[in-house]
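Have a look at the structure below, then the notes.
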Amino acid sequence: MSISIENPLHQKALLLARSYQNLEFQLLEVLREIEFEKLHLRLGYSSLFVYATGALKLSEAVSFNLINVMRKAKEVPQLRAEIERGALSVSTARKIVPVLTKENYKAWIEDAKRLPKIELEKRVAEAQPEMTKRTEITRSSPTRQRLHLDLSDKVLEKLKRAQILLRSSKRENLDLAQTLDQVLEVFLNAKDPIRKAEKTTVSSKAQSVLRTASGLRRIPSPIRHAIFKRDEGKCQFRGGSGNICYSDQNLQIHHFRPWAMGGDHNLDNLGLRCWAHHQVIHENG
Ligand SMILES: [Zn+2]
Ligand SMILES: [Zn+2]
């Protein structure tokens, strides 16, 4: 049985593949505009990635590829042009993003179009030897996960030194995983605002500290802890779409009535916001 290139099913697949690439390009364009206008932030998402996976329901891998390629295309417009005319797919373009510059784009774009995927990945890896390898996490049991980390000699030396110190202070034979656990405990107890909040309650004493300290710009630590506790260590910014951010990264405390306009450190006047939303609030008043 002979099959012609005019086979209707094949023609249909070709057509769909072309529109698929075109849609990918349009998504890149629209994400660029959204980021420029900070629309994702105003809708209540803490980052473009959270918006793409949360609001647009794109997979993490697709979102990651689109955003990385979109940002690189601002720096190297030739990349955008190749995707627009369907010569490069977003996922292939994504592979050369880490090495692509305004100076070397010609050779890399050529390689991306010509080379098989595995060969391209190999060349990109060779071009950035000092870049640490990607961290991999796989599940090894219902309660344990295996972490493959690429550590420098120095970091491993530090971990082993901590192991020696912990072994002598605890008189226990800790392995590296247990050492890491202990080191993290010490760090989190010292630095994590949520843990600090759990250890403190805002007493009437703290409230009076608040009033007597109201002449100070700096928020007293019992109040900071109380806000972290009340807001559960998450950004409580509600966007135009009704979506609440709930990011637990880069948190700051915002005064609803600004300090400069007589706002105080009363709990009702304070709220946790992630860095990006704190900026948006202050930019838009
Ligand atoms: Zn603020
Ligand atoms: Zn936020």
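Residue numbers start at 1 in each chain; chains themselves are named A, B, ... in the order of the structure tokens; ligands are numbered from 1 in the order shown.
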
request  = Collect all residues with atoms no farther than 10 Å from ligand 1, counting only C-alpha atoms and all ligand atoms, and output them as a ChimeraX atom specification.
outcome  = /A:252-259,270-273,275,277-282,285

Determine, for each residue of chain A having at least one atom at most 10 Å from an atom of ligand 2, the closest pair of atoms and their separation in Å to one decimal, counting only C-alpha atoms and all ligand atoms; order by chain and ascending number, as JSON lines.
```
{"residue": "A:Leu41", "atom": "CA", "partner": "ligand 2", "partner_atom_place_in_ligand_line": "1 (Zn)", "distance": 7.5}
{"residue": "A:Arg42", "atom": "CA", "partner": "ligand 2", "partner_atom_place_in_ligand_line": "1 (Zn)", "distance": 9.5}
{"residue": "A:Gly44", "atom": "CA", "partner": "ligand 2", "partner_atom_place_in_ligand_line": "1 (Zn)", "distance": 6.6}
{"residue": "A:Tyr45", "atom": "CA", "partner": "ligand 2", "partner_atom_place_in_ligand_line": "1 (Zn)", "distance": 6.4}
{"residue": "A:Ser46", "atom": "CA", "partner": "ligand 2", "partner_atom_place_in_ligand_line": "1 (Zn)", "distance": 4.6}
{"residue": "A:Ser47", "atom": "CA", "partner": "ligand 2", "partner_atom_place_in_ligand_line": "1 (Zn)", "distance": 8.3}
{"residue": "A:Lys234", "atom": "CA", "partner": "ligand 2", "partner_atom_place_in_ligand_line": "1 (Zn)", "distance": 7.8}
{"residue": "A:Cys235", "atom": "CA", "partner": "ligand 2", "partner_atom_place_in_ligand_line": "1 (Zn)", "distance": 4.6}
{"residue": "A:Gln236", "atom": "CA", "partner": "ligand 2", "partner_atom_place_in_ligand_line": "1 (Zn)", "distance": 6.5}
{"residue": "A:Phe237", "atom": "CA", "partner": "ligand 2", "partner_atom_place_in_ligand_line": "1 (Zn)", "distance": 5.3}
{"residue": "A:Arg238", "atom": "CA", "partner": "ligand 2", "partner_atom_place_in_ligand_line": "1 (Zn)", "distance": 8.2}
{"residue": "A:Gly239", "atom": "CA", "partner": "ligand 2", "partner_atom_place_in_ligand_line": "1 (Zn)", "distance": 9.0}
{"residue": "A:Ile244", "atom": "CA", "partner": "ligand 2", "partner_atom_place_in_ligand_line": "1 (Zn)", "distance": 7.7}
{"residue": "A:Cys245", "atom": "CA", "partner": "ligand 2", "partner_atom_place_in_ligand_line": "1 (Zn)", "distance": 4.6}
{"residue": "A:Tyr246", "atom": "CA", "partner": "ligand 2", "partner_atom_place_in_ligand_line": "1 (Zn)", "distance": 6.2}
{"residue": "A:Ser247", "atom": "CA", "partner": "ligand 2", "partner_atom_place_in_ligand_line": "1 (Zn)", "distance": 5.5}
{"residue": "A:Asp248", "atom": "CA", "partner": "ligand 2", "partner_atom_place_in_ligand_line": "1 (Zn)", "distance": 8.2}
{"residue": "A:Gln249", "atom": "CA", "partner": "ligand 2", "partner_atom_place_in_ligand_line": "1 (Zn)", "distance": 8.4}
{"residue": "A:Asn250", "atom": "CA", "partner": "ligand 2", "partner_atom_place_in_ligand_line": "1 (Zn)", "distance": 9.0}
{"residue": "A:Leu251", "atom": "CA", "partner": "ligand 2", "partner_atom_place_in_ligand_line": "1 (Zn)", "distance": 8.1}
{"residue": "A:Gln252", "atom": "CA", "partner": "ligand 2", "partner_atom_place_in_ligand_line": "1 (Zn)", "distance": 9.7}
{"residue": "A:Leu272", "atom": "CA", "partner": "ligand 2", "partner_atom_place_in_ligand_line": "1 (Zn)", "distance": 8.4}
{"residue": "A:Arg273", "atom": "CA", "partner": "ligand 2", "partner_atom_place_in_ligand_line": "1 (Zn)", "distance": 5.3}
{"residue": "A:Cys274", "atom": "CA", "partner": "ligand 2", "partner_atom_place_in_ligand_line": "1 (Zn)", "distance": 4.2}
{"residue": "A:Trp275", "atom": "CA", "partner": "ligand 2", "partner_atom_place_in_ligand_line": "1 (Zn)", "distance": 6.9}
{"residue": "A:Ala276", "atom": "CA", "partner": "ligand 2", "partner_atom_place_in_ligand_line": "1 (Zn)", "distance": 6.2}
{"residue": "A:His277", "atom": "CA", "partner": "ligand 2", "partner_atom_place_in_ligand_line": "1 (Zn)", "distance": 4.7}
{"residue": "A:His278", "atom": "CA", "partner": "ligand 2", "partner_atom_place_in_ligand_line": "1 (Zn)", "distance": 7.4}
{"residue": "A:Gln279", "atom": "CA", "partner": "ligand 2", "partner_atom_place_in_ligand_line": "1 (Zn)", "distance": 9.7}
{"residue": "A:Val280", "atom": "CA", "partner": "ligand 2", "partner_atom_place_in_ligand_line": "1 (Zn)", "distance": 9.4}
```

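In this model, the gap between CA of Leu188 (chain A) and CA of Arg218 (chain A) comes to 22.6 Å.
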
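CA of Ile83 (chain A) is positioned 8.6 Å from CA of Glu24 (chain A).
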
request  = Find the spatial neighbours of Gln163 (chain A), counting only C-alpha atoms, within a cut-off of 9 Å - ignore same-chain residues fewer than 5 positions away - and output them as a ChimeraX atom specification.
outcome  = /A:158,168,173-176,178-180

note = Here CA of Arg139 (chain A) and CA of Asp181 (chain A) stand apart by 17.7 Å

Alpha helix (DSSP H) positions in region 64-259 of chain A, given as a PyMOL selection string = chain A and resi 64-75+77-84+90-96+105-114+117-127+153-170+176-191+193-199+204-212+221-230

query = Running DSSP on the backbone, which parts of region 104-183 of chain A land in strand (DSSP E), as number ranges by chain?
reply = A: 136-141, 144-148

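Minimum atom-to-atom distance to Gly86 (chain A), evaluated using only C-alpha atoms, belongs to A:Asn22 out of A:Asn189, A:Ser169, A:Ser221, A:Asn22.
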
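Distance check against Gln21 (chain A) using only C-alpha atoms: of A:Val155, A:Ala87, A:Leu147, A:Val76, the minimum falls on A:Ala87.
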
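If only C-alpha atoms are the atoms counted, then among A:Ala93, A:Ala197, A:Ala127, A:Ala260 the closest residue to Arg230 (chain A) is A:Ala197.
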